[in-house]
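Next comes structure_22.pdb, with PDB, C-alpha atoms.
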```
ATOM      1  CA  MET A  90      34.362  32.784-161.383
ATOM      2  CA  ILE A  91      37.821  33.864-162.530
ATOM      3  CA  LEU A  92      37.764  36.918-160.256
ATOM      4  CA  LEU A  93      37.753  34.736-157.128
ATOM      5  CA  SER A  94      40.729  32.720-158.357
ATOM      6  CA  LEU A  95      42.986  35.777-158.619
ATOM      7  CA  ASN A  96      45.107  37.023-155.717
ATOM      8  CA  PRO A  97      44.278  40.668-154.849
ATOM      9  CA  SER A  98      47.955  41.532-154.453
ATOM     10  CA  THR A  99      48.763  40.873-158.119
ATOM     11  CA  ASP A 100      48.756  43.267-161.047
ATOM     12  CA  GLN A 101      46.687  40.684-162.927
ATOM     13  CA  PHE A 102      43.883  41.082-160.352
ATOM     14  CA  ARG A 103      43.996  44.893-160.552
ATOM     15  CA  LYS A 104      43.888  44.856-164.348
ATOM     16  CA  PHE A 105      41.016  42.378-164.324
ATOM     17  CA  ILE A 106      38.786  44.425-161.995
ATOM     18  CA  ASN A 107      39.679  47.716-163.687
ATOM     19  CA  ASP A 108      38.353  46.333-166.983
ATOM     20  CA  LEU A 109      34.992  45.210-165.546
ATOM     21  CA  SER A 110      31.830  47.086-166.560
ATOM     22  CA  TYR A 111      30.368  46.949-163.043
ATOM     23  CA  SER A 112      31.539  48.147-159.642
ATOM     24  CA  VAL A 113      33.984  46.091-157.593
ATOM     25  CA  MET A 114      35.449  47.026-154.198
ATOM     26  CA  LEU A 115      37.780  45.159-151.871
ATOM     27  CA  SER A 116      37.832  46.005-148.155
ATOM     28  CA  PHE A 117      39.762  44.567-145.226
ATOM     29  CA  PRO A 118      38.693  44.558-141.568
ATOM     30  CA  ILE A 119      39.997  46.929-138.939
ATOM     31  CA  LYS A 120      39.930  45.360-135.477
ATOM     32  CA  ASN A 121      40.172  46.806-131.983
ATOM     33  CA  LYS A 122      42.432  45.444-129.208
ATOM     34  CA  GLU A 123      39.857  42.782-128.332
ATOM     35  CA  GLY A 124      39.842  41.519-131.935
ATOM     36  CA  GLU A 125      36.373  42.851-132.783
ATOM     37  CA  ILE A 126      35.781  44.250-136.245
ATOM     38  CA  ILE A 127      35.097  47.965-135.864
ATOM     39  CA  ASP A 128      35.391  49.102-139.484
ATOM     40  CA  PHE A 129      36.622  48.094-142.933
ATOM     41  CA  GLU A 130      39.412  49.817-144.826
ATOM     42  CA  LEU A 131      38.636  50.213-148.510
ATOM     43  CA  LYS A 132      41.810  49.048-150.239
ATOM     44  CA  LEU A 133      40.862  48.702-153.883
ATOM     45  CA  PHE A 134      38.036  49.616-156.245
ATOM     46  CA  ASN A 135      37.654  49.896-159.994
ATOM     47  CA  PRO A 136      36.913  53.004-162.124
ATOM     48  CA  CYS A 137      33.278  51.946-162.574
ATOM     49  CA  ALA A 138      32.786  52.000-158.786
ATOM     50  CA  LYS A 139      34.293  55.469-158.576
ATOM     51  CA  ARG A 140      31.865  56.731-161.252
ATOM     52  CA  GLU A 141      28.762  55.113-159.788
ATOM     53  CA  LEU A 142      29.336  55.578-156.057
ATOM     54  CA  PRO A 143      29.694  59.269-155.111
ATOM     55  CA  ALA A 144      31.316  58.444-151.764
ATOM     56  CA  LEU A 145      34.397  57.129-153.559
ATOM     57  CA  GLN A 146      35.191  60.647-154.773
ATOM     58  CA  LEU A 147      36.398  61.256-151.191
ATOM     59  CA  TRP A 148      38.589  58.144-151.086
ATOM     60  CA  ARG A 149      42.174  58.420-149.899
ATOM     61  CA  PRO A 150      44.544  55.700-148.664
ATOM     62  CA  GLY A 151      43.264  54.501-145.308
ATOM     63  CA  ALA A 152      39.641  55.565-145.930
ATOM     64  CA  THR A 153      37.093  53.365-144.185
ATOM     65  CA  LEU A 154      33.594  52.069-144.803
ATOM     66  CA  TRP A 155      32.138  54.181-141.971
ATOM     67  CA  GLU A 156      33.985  57.269-143.204
ATOM     68  CA  LEU A 157      32.925  56.979-146.849
ATOM     69  CA  PHE A 158      29.506  55.321-146.611
ATOM     70  CA  GLN A 159      28.204  56.714-143.305
ATOM     71  CA  GLU A 160      24.467  56.526-143.970
ATOM     72  CA  ASP A 161      24.689  53.221-145.860
ATOM     73  CA  ALA A 162      26.890  51.726-143.117
ATOM     74  CA  ALA A 163      24.409  52.823-140.458
ATOM     75  CA  ASN A 164      21.578  51.285-142.487
ATOM     76  CA  GLY A 165      23.082  47.812-142.349
ATOM     77  CA  LEU A 166      26.000  47.787-144.779
ATOM     78  CA  PHE A 167      28.618  47.496-142.001
ATOM     79  CA  ALA A 168      26.702  44.659-140.305
ATOM     80  CA  LEU A 169      26.396  42.845-143.620
ATOM     81  CA  TYR A 170      30.151  43.129-144.332
ATOM     82  CA  LYS A 171      30.884  41.816-140.838
ATOM     83  CA  LYS A 172      28.438  38.911-141.210
ATOM     84  CA  VAL A 173      29.935  37.889-144.564
ATOM     85  CA  LEU A 174      33.486  37.991-143.227
ATOM     86  CA  ASP A 175      32.712  36.291-139.895
ATOM     87  CA  GLY A 176      30.707  33.536-141.596
ATOM     88  CA  ASN A 177      33.026  33.154-144.587
ATOM     89  CA  THR A 178      29.908  33.281-146.768
ATOM     90  CA  THR A 179      28.541  34.872-149.899
ATOM     91  CA  HIS A 180      25.578  37.208-149.628
ATOM     92  CA  LYS A 181      23.489  38.270-152.629
ATOM     93  CA  SER A 182      20.747  40.841-152.336
ATOM     94  CA  ASP A 183      19.110  43.932-153.693
ATOM     95  CA  TYR A 184      19.997  47.058-151.786
ATOM     96  CA  TYR A 185      18.491  50.537-151.838
ATOM     97  CA  SER A 186      21.002  53.275-151.084
ATOM     98  CA  PRO A 187      19.537  56.243-149.231
ATOM     99  CA  VAL A 188      22.478  58.301-150.482
ATOM    100  CA  THR A 189      22.287  57.694-154.236
ATOM    101  CA  LYS A 190      18.528  56.935-154.193
ATOM    102  CA  LEU A 191      19.201  53.930-156.448
ATOM    103  CA  GLN A 192      18.509  50.223-156.178
ATOM    104  CA  TYR A 193      21.517  47.901-156.568
ATOM    105  CA  HIS A 194      22.089  44.172-157.021
ATOM    106  CA  ASN A 195      25.076  43.248-154.924
ATOM    107  CA  ALA A 196      27.109  40.234-154.001
ATOM    108  CA  LEU A 197      29.454  40.231-151.034
ATOM    109  CA  GLN A 198      32.040  37.474-150.776
ATOM    110  CA  SER A 199      34.626  36.670-148.150
ATOM    111  CA  PHE A 200      37.877  37.060-150.100
ATOM    112  CA  TYR A 201      41.511  36.684-148.922
ATOM    113  CA  GLY A 202      40.649  37.861-145.395
ATOM    114  CA  GLY A 203      38.533  40.764-146.615
ATOM    115  CA  VAL A 204      35.207  41.402-148.315
ATOM    116  CA  LEU A 205      34.833  41.625-152.081
ATOM    117  CA  ALA A 206      31.771  43.645-153.087
ATOM    118  CA  ILE A 207      30.352  43.366-156.596
ATOM    119  CA  ILE A 208      27.688  45.995-157.220
ATOM    120  CA  LYS A 209      25.440  46.503-160.238
ATOM    121  CA  PRO A 210      22.760  49.192-160.470
ATOM    122  CA  SER A 211      19.339  47.634-160.834
ATOM    123  CA  LYS A 212      17.181  48.399-163.845
ATOM    124  CA  ALA A 213      14.097  48.402-161.618
ATOM    125  CA  ILE A 214      13.105  51.777-160.277
ATOM    126  CA  ARG A 215      12.234  51.866-156.613
ATOM    127  CA  LYS A 216       8.742  53.176-155.989
ATOM    128  CA  ARG A 217       8.674  56.332-153.957
ATOM    129  CA  GLY A 218       5.985  57.090-151.477
ATOM    130  CA  SER A 219       3.536  59.729-152.648
ATOM    131  CA  THR A 220       4.284  63.224-151.519
ATOM    132  CA  SER A 221       1.816  66.056-151.155
ATOM    133  CA  LYS A 222       3.390  67.630-154.252
ATOM    134  CA  ASP A 223       2.663  64.445-156.269
ATOM    135  CA  PHE A 224      -0.907  64.429-154.969
ATOM    136  CA  ASP A 225      -1.421  68.115-155.802
ATOM    137  CA  MET A 226      -0.130  67.512-159.343
ATOM    138  CA  ARG A 227      -2.464  64.550-159.902
ATOM    139  CA  LEU A 228      -5.403  66.494-158.475
ATOM    140  CA  ALA A 229      -4.686  69.444-160.787
ATOM    141  CA  GLN A 230      -4.494  67.095-163.778
ATOM    142  CA  TYR A 231      -7.794  65.482-162.790
ATOM    143  CA  LYS A 232      -9.525  68.871-162.405
ATOM    144  CA  ALA A 233      -8.213  69.972-165.808
ATOM    145  CA  ALA A 234      -9.485  66.763-167.439
ATOM    146  CA  VAL A 235     -12.921  67.152-165.821
ATOM    147  CA  PHE A 236     -13.078  70.821-166.825
ATOM    148  CA  GLU A 237     -12.216  69.923-170.460
ATOM    149  CA  GLN A 238     -14.858  67.225-170.521
ATOM    150  CA  TYR A 239     -17.659  69.384-169.115
ATOM    151  CA  ARG A 240     -16.721  72.916-170.207
ATOM    152  CA  ILE A 241     -19.243  72.990-173.059
ATOM    153  CA  TYR A 242     -21.972  72.589-170.420
ATOM    154  CA  LEU A 243     -20.677  75.403-168.223
TER     155      LEU A 243
END
```
Turn this file's structure into structure tokens for me.
Amino acid sequence: MILLSLNPSTDQFRKFINDLSYSVMLSFPIKNKEGEIIDFELKLFNPCAKRELPALQLWRPGATLWELFQEDAANGLFALYKKVLDGNTTHKSDYYSPVTKLQYHNALQSFYGGVLAIIKPSKAIRKRGSTSKDFDMRLAQYKAAVFEQYRIYL
């Protein structure tokens, strides 16, 4: 992949990711005195990511993963970033965001000492659990259908 061959500090890299039709973010680890990763600073993202991920509307230089994606980070995103970076691996998965209520295909790659996230919204719609409102609506539709069918006998 050409993206992985580009150095993130170059203008060529920035132009390349800005022209992509899917979301790309680059984050670097923040470590405590003991050398443990405690957060990730979001350094770079493309316009598509800003449109599709509401949390990026709050981005400012120095903004972190925990600051911007609190609920997602608590639901495993932070641990996944850490695992990818510590293991120098690539991780591909589908991810449901409790914030946007959307399903995403994502790939996380260890990249120049940070984590490169490539995120595409999934075409599949995540099934919601039935709510009492859904049940009431279906019951009302059923009653109306039964009434229509048997009203001539009433």
List as a list in words the protein and nucleic acid residues near Ile126 of chain A, meaning an atom at most 10 Å away when all atoms listed in the file are counted, but skip any in the same chain fewer than 4 places from it.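 The neighbour list is Phe117, Pro118, Ile119, Lys120, Asn121, Lys122, Phe167, Ala168, Tyr170, Lys171, Leu174 and Asp175 of chain A.
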Evaluate the PyMOL selection byres ((chain A and resi 182-196) around 12) and report residues as a compact mmCIF listing (two decimals) with C-alpha atoms, in the coordinates of the input:
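So out_16.txt came out as:
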```
# COMPACT_ATOMS: atom_id res chain seq x y z
CA TYR A 111 30.37 46.95 -163.04
CA SER A 112 31.54 48.15 -159.64
CA VAL A 113 33.98 46.09 -157.59
CA MET A 114 35.45 47.03 -154.20
CA LEU A 115 37.78 45.16 -151.87
CA ARG A 140 31.86 56.73 -161.25
CA GLU A 141 28.76 55.11 -159.79
CA LEU A 142 29.34 55.58 -156.06
CA PRO A 143 29.69 59.27 -155.11
CA ALA A 144 31.32 58.44 -151.76
CA LEU A 157 32.92 56.98 -146.85
CA PHE A 158 29.51 55.32 -146.61
CA GLN A 159 28.20 56.71 -143.30
CA GLU A 160 24.47 56.53 -143.97
CA ASP A 161 24.69 53.22 -145.86
CA ALA A 162 26.89 51.73 -143.12
CA ALA A 163 24.41 52.82 -140.46
CA ASN A 164 21.58 51.28 -142.49
CA GLY A 165 23.08 47.81 -142.35
CA LEU A 166 26.00 47.79 -144.78
CA LEU A 169 26.40 42.84 -143.62
CA TYR A 170 30.15 43.13 -144.33
CA VAL A 173 29.94 37.89 -144.56
CA THR A 178 29.91 33.28 -146.77
CA THR A 179 28.54 34.87 -149.90
CA HIS A 180 25.58 37.21 -149.63
CA LYS A 181 23.49 38.27 -152.63
CA LEU A 197 29.45 40.23 -151.03
CA GLN A 198 32.04 37.47 -150.78
CA SER A 199 34.63 36.67 -148.15
CA PHE A 200 37.88 37.06 -150.10
CA VAL A 204 35.21 41.40 -148.32
CA LEU A 205 34.83 41.62 -152.08
CA ALA A 206 31.77 43.64 -153.09
CA ILE A 207 30.35 43.37 -156.60
CA ILE A 208 27.69 46.00 -157.22
CA LYS A 209 25.44 46.50 -160.24
CA PRO A 210 22.76 49.19 -160.47
CA SER A 211 19.34 47.63 -160.83
CA LYS A 212 17.18 48.40 -163.84
CA ALA A 213 14.10 48.40 -161.62
CA ILE A 214 13.10 51.78 -160.28
CA ARG A 215 12.23 51.87 -156.61
CA LYS A 216 8.74 53.18 -155.99
CA ARG A 217 8.67 56.33 -153.96
```
Go ahead and compute the interatomic distance for atom CA of Gln101 of chain A and atom CA of Lys139 of chain A, in Å to one decimal.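 Interatomic distance, atom CA of Gln101 of chain A to atom CA of Lys139 of chain A: 19.8 Å.
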Surrounding residues of Asp108 of chain A excluding itself and chain neighbours under 5 positions, 9 Å, all atoms listed in the file, as a ChimeraX atom specification: /A:103,135-137
Any chance you can output those residues with C-alpha atoms as a short mmCIF file (atom, residue, chain, number, x, y, z; two decimals), in the frame of the given file?
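Produced file again_36.cif, reproduced below:
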```cif
data_model
loop_
_atom_site.label_atom_id
_atom_site.label_comp_id
_atom_site.auth_asym_id
_atom_site.auth_seq_id
_atom_site.Cartn_x
_atom_site.Cartn_y
_atom_site.Cartn_z
CA ARG A 103 44.00 44.89 -160.55
CA ASN A 135 37.65 49.90 -159.99
CA PRO A 136 36.91 53.00 -162.12
CA CYS A 137 33.28 51.95 -162.57
#
```
State, in Å with one decimal place, the distance from atom CA of Ile106 of chain A to atom CA of Lys132 of chain A.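 Rounded to one decimal, the two atoms are 13.0 Å apart.
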Can you measure atom CA of Asp128 of chain A to atom CA of Asn107 of chain A for me? One decimal in Å is fine.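 It comes out at 24.6 Å.
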